[in-house]
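A short worksheet on the structure shown next.
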Amino acid sequence: MSQSLVGNWTLLSYITHHPDGSRGKPYGDAVGRLSYDEHGHMSGQVMRPGRIEVAPGEWSAQQVRSAYAGYIAYFGTYAVGPSGDAVVHHVHGALNPAWVGGDQVRRMRFDGDLLVLSTEVAKGGVMVNHVLTWRKLP
């Protein structure tokens, strides 16, 4: 199963599914890249398009907050779970310092040439399912 992951992937969609049945796009029409190599290393990035530009030396608190909140980036190593339906990203470095040294666990399934990764995140006292769909680059 891990051999199926090896390569570079481009993000097709990032959708949230809420307990009340509603859906959202927390990063708008997000763009992203995900890479897995044959040696067990990975990196991933997701970005909200249209973020406010920040010129050098103009780092107001609002600008930093906007730039930070619109980007996810981390790298490390990975392992596919024994049942093949999950991948664990062991985070070595990340934009969010709280992720460094921890694991990001993603449910995983393949749908034809697509890779679908998902995880549940607590928000406002409920669990929201985040689903990211990726297509392998040639």
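In the structure tokens, chains take the letters A, B, ... in the order shown, each chain's residues start at 1, and ligands count up from 1 in the order shown.
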
For Lys123 (chain A), work out the shell of residues within 12 Å, counting only C-alpha atoms and skipping chain neighbours fewer than 5 positions away, then give it as a count of residues only. 7

Neighbour list for region 93-106 of chain A as number ranges by chain, cut-off 8 Å, only C-alpha atoms, skip fewer than 2 positions in-chain: A: 68, 72-76, 86-91, 108, 117-119

With C-alpha atoms retained, could you export that selection as a CSV table (one decimal), in the first residue's frame?
```csv
chain,number,residue,atom,x,y,z
A,68,TYR,CA,-0.5,32.0,9.0
A,72,ILE,CA,-0.7,24.5,6.3
A,73,ALA,CA,2.8,23.1,5.8
A,74,TYR,CA,4.8,20.3,7.4
A,75,PHE,CA,7.3,17.6,6.7
A,76,GLY,CA,8.6,14.4,8.3
A,86,ALA,CA,-4.5,5.0,7.5
A,87,VAL,CA,-1.3,6.9,7.1
A,88,VAL,CA,0.6,8.4,10.0
A,89,HIS,CA,2.7,11.5,9.3
A,90,HIS,CA,5.5,11.8,11.9
A,91,VAL,CA,6.0,15.6,11.9
A,108,MET,CA,-6.7,6.9,3.7
A,117,LEU,CA,-7.2,11.6,3.1
A,118,SER,CA,-9.4,12.6,6.0
A,119,THR,CA,-9.3,13.4,9.7
```

Out of chain A, which residues get alpha helix (DSSP H) from DSSP, as a VMD selection string? chain A and resid 2 to 5 61 to 69

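For the choices A:Tyr36, A:Trp134, A:Phe110, A:Tyr27, the atom-to-atom distance to Asp85 (chain A) is smallest for A:Phe110 when using only C-alpha atoms.
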
Give the answer as one residue: which of A:Gly21, A:Gly70, A:Thr133, A:Arg109 has the shortest atom-to-atom distance to Gly84 (chain A), using only C-alpha atoms? A:Arg109

Let's see if you can do this: from backbone DSSP, list all strand (DSSP E) residues in region 36-128 of chain A, as a compact mmCIF listing (two decimals) with N, CA and C atoms, in the first residue's frame.
```txt
# COMPACT_ATOMS: atom_id res chain seq x y z
N TYR A 36 5.36 11.92 -1.14
CA TYR A 36 5.84 10.77 -0.38
C TYR A 36 6.98 10.15 -1.18
N HIS A 41 9.87 9.39 3.62
CA HIS A 41 9.78 10.82 3.91
C HIS A 41 8.56 11.42 3.22
N MET A 42 8.00 12.45 3.84
CA MET A 42 6.83 13.11 3.27
C MET A 42 6.89 14.61 3.53
N SER A 43 6.13 15.34 2.72
CA SER A 43 5.91 16.76 2.99
C SER A 43 4.56 17.13 2.39
N GLY A 44 3.91 18.09 3.01
CA GLY A 44 2.61 18.52 2.52
C GLY A 44 2.40 20.00 2.74
N GLN A 45 1.70 20.62 1.79
CA GLN A 45 1.37 22.03 1.90
C GLN A 45 -0.02 22.25 1.32
N VAL A 46 -0.79 23.09 2.00
CA VAL A 46 -2.12 23.49 1.53
C VAL A 46 -2.23 25.00 1.74
N MET A 47 -2.76 25.70 0.73
CA MET A 47 -2.82 27.15 0.81
C MET A 47 -4.18 27.66 0.35
N TYR A 71 -2.45 28.92 5.57
CA TYR A 71 -1.42 28.02 5.05
C TYR A 71 -1.17 26.88 6.03
N ILE A 72 -1.06 25.68 5.51
CA ILE A 72 -0.67 24.50 6.28
C ILE A 72 0.58 23.95 5.61
N ALA A 73 1.63 23.71 6.38
CA ALA A 73 2.85 23.13 5.82
C ALA A 73 3.55 22.31 6.89
N TYR A 74 3.96 21.10 6.51
CA TYR A 74 4.77 20.30 7.41
C TYR A 74 5.51 19.22 6.64
N PHE A 75 6.53 18.65 7.28
CA PHE A 75 7.31 17.57 6.67
C PHE A 75 7.74 16.61 7.75
N GLY A 76 8.12 15.41 7.32
CA GLY A 76 8.60 14.41 8.26
C GLY A 76 8.70 13.06 7.60
N THR A 77 8.35 12.04 8.35
CA THR A 77 8.34 10.68 7.83
C THR A 77 6.91 10.15 7.90
N TYR A 78 6.68 9.01 7.25
CA TYR A 78 5.32 8.45 7.26
C TYR A 78 5.36 6.94 7.37
N ALA A 79 4.25 6.39 7.83
CA ALA A 79 4.07 4.95 7.90
C ALA A 79 2.61 4.65 7.62
N VAL A 80 2.38 3.63 6.82
CA VAL A 80 1.01 3.19 6.54
C VAL A 80 0.60 2.22 7.63
N ALA A 86 -4.97 3.80 6.81
CA ALA A 86 -4.52 5.03 7.47
C ALA A 86 -3.05 5.24 7.18
N VAL A 87 -2.66 6.51 7.17
CA VAL A 87 -1.26 6.87 7.07
C VAL A 87 -0.96 7.81 8.23
N VAL A 88 0.19 7.59 8.87
CA VAL A 88 0.62 8.42 9.99
C VAL A 88 1.79 9.26 9.51
N HIS A 89 1.64 10.57 9.61
CA HIS A 89 2.72 11.51 9.30
C HIS A 89 3.40 11.87 10.62
N HIS A 90 4.66 11.47 10.76
CA HIS A 90 5.46 11.80 11.94
C HIS A 90 6.11 13.16 11.64
N VAL A 91 5.65 14.21 12.29
CA VAL A 91 6.02 15.58 11.94
C VAL A 91 7.37 15.97 12.55
N HIS A 92 8.31 16.34 11.66
CA HIS A 92 9.63 16.79 12.10
C HIS A 92 9.73 18.32 12.07
N GLY A 93 8.99 18.95 11.17
CA GLY A 93 8.97 20.41 11.08
C GLY A 93 7.63 20.86 10.53
N ALA A 94 7.15 22.03 11.01
CA ALA A 94 5.82 22.49 10.59
C ALA A 94 5.69 23.99 10.79
N ASP A 103 2.27 13.41 15.71
CA ASP A 103 1.79 12.64 14.57
C ASP A 103 0.50 13.25 14.03
N GLN A 104 0.38 13.26 12.74
CA GLN A 104 -0.86 13.63 12.07
C GLN A 104 -1.38 12.35 11.42
N VAL A 105 -2.48 11.84 11.93
CA VAL A 105 -3.05 10.58 11.44
C VAL A 105 -4.16 10.91 10.44
N ARG A 106 -4.10 10.27 9.30
CA ARG A 106 -5.11 10.48 8.26
C ARG A 106 -5.70 9.14 7.84
N ARG A 107 -7.04 9.08 7.82
CA ARG A 107 -7.68 7.94 7.18
C ARG A 107 -7.34 8.03 5.70
N MET A 108 -7.19 6.91 5.04
CA MET A 108 -6.70 6.91 3.67
C MET A 108 -7.49 5.90 2.84
N ARG A 109 -7.83 6.33 1.63
CA ARG A 109 -8.41 5.39 0.68
C ARG A 109 -8.08 5.87 -0.72
N PHE A 110 -8.03 4.93 -1.63
CA PHE A 110 -7.81 5.24 -3.03
C PHE A 110 -9.13 5.09 -3.76
N ASP A 111 -9.40 6.02 -4.66
CA ASP A 111 -10.61 6.00 -5.48
C ASP A 111 -10.15 6.18 -6.92
N LEU A 114 -7.27 8.64 -7.55
CA LEU A 114 -7.33 9.67 -6.51
C LEU A 114 -6.95 9.09 -5.15
N LEU A 115 -6.34 9.92 -4.33
CA LEU A 115 -6.04 9.60 -2.94
C LEU A 115 -6.92 10.50 -2.08
N VAL A 116 -7.68 9.90 -1.18
CA VAL A 116 -8.56 10.66 -0.29
C VAL A 116 -8.05 10.48 1.14
N LEU A 117 -7.66 11.60 1.74
CA LEU A 117 -7.20 11.61 3.13
C LEU A 117 -8.21 12.38 3.96
N SER A 118 -8.49 11.89 5.16
CA SER A 118 -9.44 12.60 6.02
C SER A 118 -9.03 12.48 7.47
N THR A 119 -9.52 13.45 8.25
CA THR A 119 -9.27 13.45 9.69
C THR A 119 -10.37 14.24 10.37
N GLU A 120 -10.65 13.89 11.61
CA GLU A 120 -11.65 14.60 12.41
C GLU A 120 -10.93 15.63 13.29
N VAL A 121 -11.46 16.86 13.30
CA VAL A 121 -10.87 17.95 14.08
C VAL A 121 -11.96 18.57 14.94
N ALA A 122 -11.68 18.76 16.22
CA ALA A 122 -12.64 19.39 17.13
C ALA A 122 -12.72 20.89 16.80
N LYS A 123 -13.94 21.38 16.63
CA LYS A 123 -14.15 22.80 16.39
C LYS A 123 -15.49 23.20 17.00
N VAL A 126 -17.70 20.39 18.53
CA VAL A 126 -18.13 19.25 17.70
C VAL A 126 -16.94 18.77 16.87
N MET A 127 -17.06 17.57 16.36
CA MET A 127 -16.01 17.02 15.50
C MET A 127 -16.38 17.29 14.04
N VAL A 128 -15.45 17.89 13.33
CA VAL A 128 -15.64 18.22 11.92
C VAL A 128 -14.70 17.33 11.11
```
